[in-house]
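Asks: Quick one: the structure is below, and I'll ask about it shortly.
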Amino acid sequence: MREVWTTSRIRAAEDVVMARTQPGALMRRAAFAVSVHAARLLRDRTGRVAGRHVTLLVGAGNNGGDALWAGAFLRRRGVGVTAVLLAPDKAHPEGLAALRRAGGRVVTDGGDSDGHDGGPDRTCDALETADLVIDGIVGLAARGGLRPDAAALVERVTAPILAVDLPSGVDPDTGAVQGPAVTATVTVTFGAYKPLHVLAPAASRCGEVHIIDIGLRPSLGEPDLRVLDADDVAARLPLPGPADDKYTQGVVGVAAGGSTYPGAAVLTTSGAVLTKSGMVRYAGSAADVVRARWPEVIATGSLSDAGRVQAWVTGPGLGTASDARETVREVLAAGVPVCADADAVNLLAASPDLWDAREPGTPLVLTPHEREFARLAGEFGDDRVTAVTAAAKRYNAVVLLKGHSTVIADPDGRVLVHYTGRAWPATAGSGDVLSGIIGALLAAGVEPLFATGCAAWLHDSAAAIAASGAPASASSIAEAIPAAIRALAPRT
């Protein structure tokens, strides 16, 4: 499991570590790691590093200092290094002195800071002839896009970019990109992952992210965000044992779809059926269509005939008419965990009295996309994590906000993020499949937060398998769920 901390928590931990560390030691340790990763990027086919050229984009503060020290270490390996100072009067003095002692060249956009002839032409030459550029423009305290002078320099870069801690121009806590920003090949970060490394759109600009241990973990406390990996999902996946039967694995009920959208009923049921063996019950006017696709499902026309279940899924394709409202009301009153998606979310947003039907303390999972979330909890801007966390507390529910970074929060303030950089699940009906997966895991007794997080992981994995490099339909995503589960088998 990847653990993530906000920048304020990171800086507080850094202060603790620096208070008991020799001045400058932490920066040199971090910069040496940057130089090691830079050397890996620089190696040509012969494995040589010496003779290659690196250009540093150096802003004010510690990120610029990291870049300067990294340049000094690279010079000792025979690498040519030119530092372009964007704020010459605020450049890190010790880092700048170290680079000069090592024989590095220092220029500014307005001239050569060592007193030689120079200017913009030399800066451009340094960027255009570089084999690698190290981005040390801004650090964790920065907000907003790059300033025009920095953006103009970044536009000239054609070489791979190694970002120090973060690609400059992205918001470190929300992952927002509100203007010009660096797109890195590799990001080297220190102490812990920050939100930008797992939140879109910033995460897509980080390239490969390498974390360097600088001793922060004991001072960080509990993480602000968590990212599940395959081992986490495998450990929580409820596979049947020798003593299990169709009832002990949890029975999930599906109240979705109808005469207008029968496909939603089929897709939601498919997600539930293919996630686990056991039993699925369907209740609704699309019973004949569901039964034709899944003869093993017990399909009835009404909730009163459905029988007992351990969890319900409702909402996809349900519509918002009075009969749909009564379906949601009855499901919420059933006293079992509920996954409410699509039209169920819209009905809850439009009809506050529906919340009164919910049995106190009964687990509820809400799975809106952005427009549904706005109807339910208001517009949220760039800060998805804060918005989802607030909604989870407000409604005493697990809330999953769909998107390129899926954010999941529970009422206790725990947050999971799922980000892979893939967009294969973005297809009509895909969310119906996801809600079916969530319902199956809820019925099997998985804790709601992790049932939702594991479902997001399985859904994305199934989408990648179904796509195999080309767009895939929601039906094919559902059909790939068993393959996604089989891929976890060696870990279970």
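So you can find residues: chains in the structure tokens are A, B, ... in the order shown, residues in each start at 1, and ligands are numbered from 1 in order.
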Got a sec: who's within 6 Å of region 260-276 of chain A, counting only C-alpha atoms, leaving out chain neighbours fewer than 2 positions off, as number ranges by chain?

Replies: A: 256-258, 286, 290, 316-317, 432-433, 436-437, 440, 478

Asks: According to DSSP computed on the backbone, where in region 353-454 of chain A is there alpha helix (DSSP H)? Give the residues as a VMD selection string.

Replies: chain A and resid 370 to 377 384 to 395 430 to 443 448 to 454

Asks: With N, CA and C atoms retained, export the selected residues as a compact mmCIF listing (two decimals), in the first residue's frame.

Replies:
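Dumped to selection-v6.txt:
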# COMPACT_ATOMS: atom_id res chain seq x y z
N GLU A 370 -18.74 13.39 -11.57
CA GLU A 370 -18.59 14.78 -11.15
C GLU A 370 -19.91 15.56 -11.15
N ARG A 371 -20.74 15.39 -12.17
CA ARG A 371 -22.00 16.15 -12.23
C ARG A 371 -22.97 15.67 -11.15
N GLU A 372 -23.00 14.36 -10.92
CA GLU A 372 -23.86 13.84 -9.85
C GLU A 372 -23.38 14.32 -8.48
N PHE A 373 -22.06 14.36 -8.33
CA PHE A 373 -21.51 14.84 -7.05
C PHE A 373 -21.91 16.30 -6.82
N ALA A 374 -21.86 17.10 -7.87
CA ALA A 374 -22.22 18.51 -7.73
C ALA A 374 -23.67 18.66 -7.30
N ARG A 375 -24.56 17.80 -7.82
CA ARG A 375 -25.96 17.86 -7.41
C ARG A 375 -26.11 17.46 -5.94
N LEU A 376 -25.30 16.52 -5.51
CA LEU A 376 -25.42 15.98 -4.17
C LEU A 376 -24.76 16.87 -3.11
N ALA A 377 -23.56 17.36 -3.43
CA ALA A 377 -22.75 18.03 -2.40
C ALA A 377 -22.21 19.38 -2.83
N ARG A 384 -10.45 17.80 -5.00
CA ARG A 384 -11.36 16.66 -4.95
C ARG A 384 -11.31 15.97 -3.58
N VAL A 385 -10.14 15.86 -3.00
CA VAL A 385 -10.00 15.13 -1.74
C VAL A 385 -10.79 15.81 -0.63
N THR A 386 -10.64 17.12 -0.49
CA THR A 386 -11.37 17.84 0.55
C THR A 386 -12.87 17.74 0.33
N ALA A 387 -13.30 17.84 -0.92
CA ALA A 387 -14.73 17.77 -1.22
C ALA A 387 -15.31 16.40 -0.89
N VAL A 388 -14.61 15.35 -1.26
CA VAL A 388 -15.13 13.99 -1.02
C VAL A 388 -15.12 13.68 0.47
N THR A 389 -14.07 14.10 1.16
CA THR A 389 -14.00 13.87 2.60
C THR A 389 -15.15 14.57 3.32
N ALA A 390 -15.45 15.80 2.92
CA ALA A 390 -16.55 16.54 3.53
C ALA A 390 -17.89 15.87 3.25
N ALA A 391 -18.08 15.39 2.01
CA ALA A 391 -19.34 14.72 1.67
C ALA A 391 -19.51 13.42 2.45
N ALA A 392 -18.42 12.68 2.64
CA ALA A 392 -18.50 11.43 3.39
C ALA A 392 -18.94 11.68 4.83
N LYS A 393 -18.42 12.74 5.42
CA LYS A 393 -18.81 13.08 6.79
C LYS A 393 -20.25 13.60 6.83
N ARG A 394 -20.61 14.41 5.87
CA ARG A 394 -21.95 14.99 5.83
C ARG A 394 -23.03 13.92 5.74
N TYR A 395 -22.80 12.91 4.91
CA TYR A 395 -23.81 11.89 4.67
C TYR A 395 -23.56 10.60 5.45
N SER A 430 -19.91 1.58 -17.94
CA SER A 430 -18.80 1.09 -17.12
C SER A 430 -19.08 1.29 -15.64
N GLY A 431 -19.70 2.42 -15.27
CA GLY A 431 -20.02 2.67 -13.87
C GLY A 431 -21.03 1.68 -13.31
N ASP A 432 -21.93 1.16 -14.18
CA ASP A 432 -22.88 0.14 -13.72
C ASP A 432 -22.15 -1.13 -13.29
N VAL A 433 -21.13 -1.49 -14.07
CA VAL A 433 -20.33 -2.66 -13.72
C VAL A 433 -19.62 -2.44 -12.38
N LEU A 434 -19.07 -1.24 -12.20
CA LEU A 434 -18.38 -0.93 -10.94
C LEU A 434 -19.32 -1.07 -9.75
N SER A 435 -20.54 -0.56 -9.87
CA SER A 435 -21.47 -0.66 -8.74
C SER A 435 -21.80 -2.10 -8.43
N GLY A 436 -21.88 -2.96 -9.45
CA GLY A 436 -22.11 -4.38 -9.21
C GLY A 436 -20.97 -5.03 -8.46
N ILE A 437 -19.74 -4.65 -8.79
CA ILE A 437 -18.56 -5.17 -8.08
C ILE A 437 -18.61 -4.75 -6.62
N ILE A 438 -18.90 -3.47 -6.39
CA ILE A 438 -18.97 -2.96 -5.01
C ILE A 438 -20.02 -3.74 -4.22
N GLY A 439 -21.21 -3.93 -4.82
CA GLY A 439 -22.27 -4.65 -4.13
C GLY A 439 -21.86 -6.06 -3.75
N ALA A 440 -21.17 -6.74 -4.66
CA ALA A 440 -20.73 -8.11 -4.37
C ALA A 440 -19.77 -8.14 -3.19
N LEU A 441 -18.85 -7.20 -3.13
CA LEU A 441 -17.88 -7.18 -2.03
C LEU A 441 -18.54 -6.76 -0.72
N LEU A 442 -19.51 -5.85 -0.77
CA LEU A 442 -20.25 -5.50 0.43
C LEU A 442 -21.01 -6.71 0.97
N ALA A 443 -21.66 -7.45 0.08
CA ALA A 443 -22.42 -8.63 0.50
C ALA A 443 -21.52 -9.69 1.12
N PRO A 448 -16.77 -1.45 4.11
CA PRO A 448 -17.21 -0.61 2.99
C PRO A 448 -16.12 0.21 2.31
N LEU A 449 -15.22 0.84 3.08
CA LEU A 449 -14.18 1.64 2.44
C LEU A 449 -13.33 0.77 1.54
N PHE A 450 -12.94 -0.40 2.02
CA PHE A 450 -12.05 -1.26 1.24
C PHE A 450 -12.81 -2.06 0.19
N ALA A 451 -14.09 -2.33 0.42
CA ALA A 451 -14.90 -2.92 -0.64
C ALA A 451 -14.93 -1.99 -1.84
N THR A 452 -15.09 -0.71 -1.57
CA THR A 452 -15.15 0.29 -2.64
C THR A 452 -13.79 0.46 -3.30
N GLY A 453 -12.72 0.54 -2.49
CA GLY A 453 -11.39 0.70 -3.05
C GLY A 453 -10.96 -0.51 -3.87
N CYS A 454 -11.23 -1.72 -3.35
CA CYS A 454 -10.87 -2.93 -4.09
C CYS A 454 -11.68 -3.03 -5.38

Asks: Using only C-alpha atoms, find the one residue out of A:Ala202, A:Thr7, A:Thr123, A:Pro238 that sits nearest to Gly139 (chain A).

Replies: A:Thr7

Asks: For region 156-227 of chain A against region 127-134 of chain A, with a cut-off of 9 Å and counting only C-alpha atoms, what is the closest atom pair and its distance in Å to one decimal for every residue that makes the cut, ordered by chain and number, as a Markdown table?

Replies:
| residue | atom | partner | partner_atom | distance |
| --- | --- | --- | --- | --- |
| A:Arg156 | CA | A:Leu127 | CA | 6.6 |
| A:Val157 | CA | A:Leu127 | CA | 5.7 |
| A:Thr158 | CA | A:Glu128 | CA | 6.5 |
| A:Ala159 | CA | A:Leu132 | CA | 5.3 |
| A:Pro160 | CA | A:Leu132 | CA | 5.3 |
| A:Ile161 | CA | A:Val133 | CA | 4.8 |
| A:Leu162 | CA | A:Ile134 | CA | 4.8 |
| A:Ala163 | CA | A:Ile134 | CA | 5.9 |
| A:Val164 | CA | A:Ile134 | CA | 7.2 |

Asks: Between A:Pro295, A:Gly61, A:Pro88, A:Gly191, which residue has the minimum interatomic distance to Ala33 (chain A), considering only C-alpha atoms?

Replies: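 Comparing A:Pro295, A:Gly61, A:Pro88, A:Gly191 against Ala33 (chain A), the winner is A:Gly191.
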
Asks: Between A:Gly24, A:Gly429, A:Gly445, A:Pro471, which one has atoms that come closest to Leu237 (chain A), using only C-alpha atoms?

Replies: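 Of A:Gly24, A:Gly429, A:Gly445, A:Pro471, the one nearest Leu237 (chain A) is A:Gly445, counting only C-alpha atoms.
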
Asks: A:Leu400, A:Ala200, A:Leu85, A:Ile298: which is nearest Ala423 (chain A), counting only C-alpha atoms?

Replies: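 Of A:Leu400, A:Ala200, A:Leu85, A:Ile298, the one nearest Ala423 (chain A), counting only C-alpha atoms, is A:Ala200.
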
Asks: Measure the distance from CA of Val415 (chain A) to CA of Gly378 (chain A) in Å and round it to one decimal.

Replies: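 Atom-to-atom, CA of Val415 (chain A) to CA of Gly378 (chain A), that is 19.3 Å.
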
Asks: Under the rule of at most 12 Å, produce a per-residue listing of region 57-120 of chain A near region 168-190 of chain A: chain, number, name, the closest pair of atoms, and the distance in Å, as JSON lines, using only C-alpha atoms.

Replies:
{"residue": "A:Leu57", "atom": "CA", "partner": "A:Ser168", "partner_atom": "CA", "distance": 10.2}
{"residue": "A:Val58", "atom": "CA", "partner": "A:Ser168", "partner_atom": "CA", "distance": 10.8}
{"residue": "A:Gly59", "atom": "CA", "partner": "A:Ser168", "partner_atom": "CA", "distance": 9.9}
{"residue": "A:Asn63", "atom": "CA", "partner": "A:Ser168", "partner_atom": "CA", "distance": 9.9}
{"residue": "A:Gly64", "atom": "CA", "partner": "A:Ser168", "partner_atom": "CA", "distance": 11.2}
{"residue": "A:Asp66", "atom": "CA", "partner": "A:Phe190", "partner_atom": "CA", "distance": 10.8}
{"residue": "A:Ala67", "atom": "CA", "partner": "A:Val188", "partner_atom": "CA", "distance": 11.1}
{"residue": "A:Ala70", "atom": "CA", "partner": "A:Val188", "partner_atom": "CA", "distance": 11.7}

Asks: Can you list, as number ranges by chain, every residue of region 278-415 of chain A that DSSP puts in strand (DSSP E)?

Replies: A: 279-283, 298-300, 311-314, 338-341, 364-367, 398-401, 406-409, 415

Asks: Please indicate the distance in Å from CA of Ser259 (chain A) to CA of Arg358 (chain A), rounded to one decimal place.

Replies: 26.6 Å

Asks: Quick one: residues within 9 Å of Leu303 (chain A), only C-alpha atoms, excluding same-chain residues fewer than 3 positions away - as a tab-separated table (two decimals) with C-alpha atoms, in the first residue's frame?

Replies:
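So out37.tsv came out as:
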chain	number	residue	atom	x	y	z
A	255	ALA	CA	-32.43	-3.07	-8.09
A	282	TYR	CA	-32.36	-9.13	-9.24
A	283	ALA	CA	-35.57	-7.17	-8.59
A	284	GLY	CA	-37.11	-4.94	-11.23
A	300	THR	CA	-38.09	-11.18	-9.88
A	306	ALA	CA	-36.62	-10.75	-4.08
A	307	GLY	CA	-35.87	-12.54	-0.83
A	327	THR	CA	-37.36	1.58	-4.96
A	330	GLU	CA	-37.25	0.51	0.15
A	331	VAL	CA	-33.65	-0.46	-0.46

Asks: Hey, what's within 6 Å of Tyr419 (chain A) if we count only C-alpha atoms and toss same-chain stuff fewer than 2 positions away? As a list in words, please?

Replies: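 That gives Val198, Ser405 and Gly421 of chain A.
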
Asks: Quick check, in Å to one decimal: how far apart do CA of His92 (chain A) and CA of Ala39 (chain A) lie?

Replies: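 Computing the Euclidean distance for CA of His92 (chain A) and CA of Ala39 (chain A) yields 22.6 Å.
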
Asks: Determine, counting only C-alpha atoms, which protein, DNA and RNA residues have an atom within 8 Å of an atom of Ile485 (chain A); residues of the same chain fewer than 3 positions away are not included. Present the result as a list in words.

Replies: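 Residues meeting the cut-off are Thr275, Leu458, Ile481, Pro482, Leu488 and Ala489 of chain A.
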
Asks: Compare A:His459, A:Arg422, A:His369, A:His210 by their minimum atom-to-atom distance to Lys194 (chain A), counting only C-alpha atoms, and give me the closest one.

Replies: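 Comparing A:His459, A:Arg422, A:His369, A:His210 against Lys194 (chain A), the winner is A:His210.
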